[in-house]
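Heads up: the structure comes next, in structure tokens.
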Amino acid sequence: MQSPASSPSPSPSPAPSLWRDADFRRLWVGQTASQLGEHTTLVVLPLFAVLTLDAGAGQLGVLRAVGQAPVLLLSLLAGAWVDRWRARTVMVLTDAGRAVALGAAAVAGLLGLLGLSALFVVAFAVGALSVLFDVAYQASLVRMVRRDQLVRGNSALEGSRSAAQIGGPALGGALVSLLSAPFAAASGALFFAVSFLSLRRIRRPEAVPPVRGEQPERAPRIRHRIHEGLRFVAGNPWLRAVCLASAAFQFSLAATMTVYLLFLPRALHLPGATVGLALAATGPGALLGSALAARLPGRFGHGAVLVSAAVLGNGALLCVPALHGSSTATVLALLAVNVVFGAFSQLVNVTVMSVRQAVTPDGMQGRAAATITFVGMGLTPLGSLLGGFLAQEWGLRAGLLMAAAGMMLSPAVMAASPLVRLGRRLTP
């Protein structure tokens with residue numbers, strides 16, 4: 001394998017536009033709808049607990065931890081399964097499952113049965129199915145497009161996630177605040193149903209690539225495939241650094257967001273709709289970040305972009321604890337912080353994904369993505385619990401400041417790793 005900093009050989013022909021590919025458009029539509037449902041749900045469940053059920057800091061931390069626990073429990077299994085199945089089948093089934101889970105929550109809410117225990121069950125179910133979907137869509141793109149189209153494909157798909165970040169939190173906050181939690185849950189179910197229908201229309205046959213070192217007639221056991229994925233990521237210096245930086249970021253972000261969801265309504269006294277609007281401001285920033293990701297790494301180098309974007313994006317959240325009151329100036333400052341955070345975080349996400357895909361063989365894509373997700377996101381339940389503890393023991397303002405300061409560990413890890421030396425071009 002060549003260094004990802006080396007120059008690739010010229011492509012034999014220009015890559016055709018992805019938007020002329022009907023199956024890619026269906027994947028993009030399905031991904032957009034699915035992410036919109038996911039981001040709506042991520043806001044609906046905590047806001048319902050805080051604003052309607054009057055959940056305390058500890059209870060909110062537990063709720064978020066339950067929703068994030070499947071990342072720790074299922075990520076490695078998901079990678080092994082996706083490398084052996086058609087990714088489209090996995091995405092269709094998980095969309096159907098999430099639609100059913102949220103539909104059941106909506107019915108339970110209308111019947112007056114949607115309490116904290118029901119929210120825990122729904123959060124875990126949606127989180128588990130989302131783990132499978134997220135691994136599958138990353139593997140699906142690699143099986144659908146050419147290698148020289150990956151950056152543009154990732155930019156488009158991450159742009160769809162950005163669009164979801166715009167609409168999802170605002171819609172979820174507005175529905176919980178103005179209507180009711182059952183209607184908010186039903187909106188998430190509707191988006192997953194739209195994704196289900198779009199992904200089912202993909203017609204291109206999907207060949208499952210052979211797994212490295214595997215004889216076709218003798219499939220290795222899942223444990224062996226998981227171990228192979230772990231060994232591959234641990235043995236690659238760039239992917240190993242991505243895992244460590246992602247773990248530092250996601251752990252601190254989980255703690256930060258737990259306090260953040262309490263800080264906005266209780267310390268700044270913002271209503272649910274305004275909280276949703278503030279969270280949605282990361283979406284326009286993420287759209288900008290997706291566009292920048294298609295240009296900046298090729299101009300300044302992948303390593304320089306990764307470190308500088310992480311410093312700027314994560315550092316922006318350190319401004320939030322300084323805000324006071326619910327004035328227009330406070331809301332505008334909050335929106336500005338979230339736009340900056342969304343833009344630079346998205347720039348990091350797309351660049352990291354392109355690095356991972358470029359240095360990973362086709363038959364290892366699902367397991368590499370799942371291993372990085374497992375290491376990077378596996379500590380988020382503990383981060384959420386820590387955020388609840390900080391808010392409860394230190395207060396909302398001090399707790400938020402401590403959690404946000406922890407996010408600066410991620411760029412520090414990248415700056416001390418081989419990632420900082422990545423150049424302008426990536427090759428497999």
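How things are named: the first chain in the structure tokens is A, the next is B, and so on; residues count from 1 in each chain; ligands count from 1 in the order shown.
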Please, which residues of region 320-420 of chain A, numbered as in this document, come out alpha helix (DSSP H) from DSSP, as an MDAnalysis selection string? chainID A and resid 328:358 365:377 380:394 396:406 409:415
Can you pull out the residues contacting Val337 (chain A)? Cut-off 10 Å, using only C-alpha atoms, and skip same-chain residues under 2 positions away; I want them as a list of chain:residue names.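 The filter keeps A:Ala278, A:Ala281, A:Thr282, A:Gly285, A:Gly313, A:Asn314, A:Gly315, A:Ala316, A:Leu317, A:Leu318, A:Cys319, A:Val320, A:Val331, A:Leu332, A:Ala333, A:Leu334, A:Leu335, A:Val339, A:Val340, A:Phe341, A:Gly342.
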Keeping only C-alpha atoms, write those residues as an mmCIF file, in the first residue's frame.
data_model
loop_
_atom_site.group_PDB
_atom_site.id
_atom_site.type_symbol
_atom_site.label_atom_id
_atom_site.label_comp_id
_atom_site.auth_asym_id
_atom_site.auth_seq_id
_atom_site.Cartn_x
_atom_site.Cartn_y
_atom_site.Cartn_z
ATOM 1 C CA ALA A 278 -30.063 26.893 17.505
ATOM 2 C CA ALA A 281 -27.757 26.247 12.750
ATOM 3 C CA THR A 282 -25.073 23.579 12.533
ATOM 4 C CA GLY A 285 -22.418 25.411 8.526
ATOM 5 C CA GLY A 313 -14.683 24.112 15.094
ATOM 6 C CA ASN A 314 -14.190 22.671 18.566
ATOM 7 C CA GLY A 315 -12.891 25.956 19.942
ATOM 8 C CA ALA A 316 -16.085 27.748 18.916
ATOM 9 C CA LEU A 317 -18.100 25.850 21.544
ATOM 10 C CA LEU A 318 -15.949 27.348 24.302
ATOM 11 C CA CYS A 319 -17.845 30.614 23.692
ATOM 12 C CA VAL A 320 -21.250 29.200 24.682
ATOM 13 C CA VAL A 331 -29.598 33.912 20.154
ATOM 14 C CA LEU A 332 -27.610 35.413 17.253
ATOM 15 C CA ALA A 333 -24.325 34.621 19.014
ATOM 16 C CA LEU A 334 -25.516 31.066 19.616
ATOM 17 C CA LEU A 335 -26.443 30.683 15.949
ATOM 18 C CA VAL A 339 -22.604 27.628 12.189
ATOM 19 C CA VAL A 340 -18.842 27.747 12.790
ATOM 20 C CA PHE A 341 -18.890 24.451 14.668
ATOM 21 C CA GLY A 342 -20.973 22.790 11.951
#
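Ranking A:Ala241, A:Leu270, A:Ala234, A:Leu386 by their shortest atom-to-atom distance to Val413 (chain A), with only C-alpha atoms included, puts A:Ala241 first.
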Could you pull the residues within 10 Å of Ser187 (chain A), counting only C-alpha atoms, minus those fewer than 5 positions along the same chain, as a PyMOL selection string? chain A and resi 36-37+40-41+44+99+102-103+106+168+171-172+175+181-182+192-193
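Proximity of A:Arg203, A:Arg299, A:Arg240, A:His39 to Ala280 (chain A), computed with only C-alpha atoms, is greatest for A:His39.
One finds CA of Glu38 (chain A) at 28.9 Å from CA of Val359 (chain A).
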Enumerate, in order of chain and increasing residue number, the residues of region 260-288 of chain A with an atom no farther than 9 Å from region 51-71 of chain A, each with its shortest atom pair and distance in Å to one decimal, counting only C-alpha atoms, as a tab-separated table.
residue	atom	partner	partner_atom	distance
A:Leu261	CA	A:Leu60	CA	8.9
A:Leu262	CA	A:Ala57	CA	7.3
A:Pro265	CA	A:Leu51	CA	8.5
A:Gly272	CA	A:Leu51	CA	7.7
Residues near Ala309 (chain A), cut-off 12 Å, only C-alpha atoms, skip fewer than 5 positions along chain, as a ChimeraX atom specification: /A:289,292-293,296-297,300,302-304,314-316,340-352,408,410-412,414-415,420
Which residues are close to Leu401 (chain A), i.e. within 7 Å by only C-alpha atoms, leaving aside same-chain residues fewer than 4 positions away? Reply as a ChimeraX atom specification. /A:318,321,397,405
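With distances restricted to only C-alpha atoms, A:Ala87 is the closest residue to Arg200 (chain A) from A:Ala128, A:Ala78, A:Leu288, A:Ala87.
Interatomic distance, CA of Val43 (chain A) to CA of Ile372 (chain A): 24.7 Å.
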Proximity to Val100 (chain A) - best of A:Ala329, A:Ala398, A:Ala125, A:Leu279, only C-alpha atoms: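 Residue with the minimum atom-to-atom distance to Val100 (chain A): A:Ala125.
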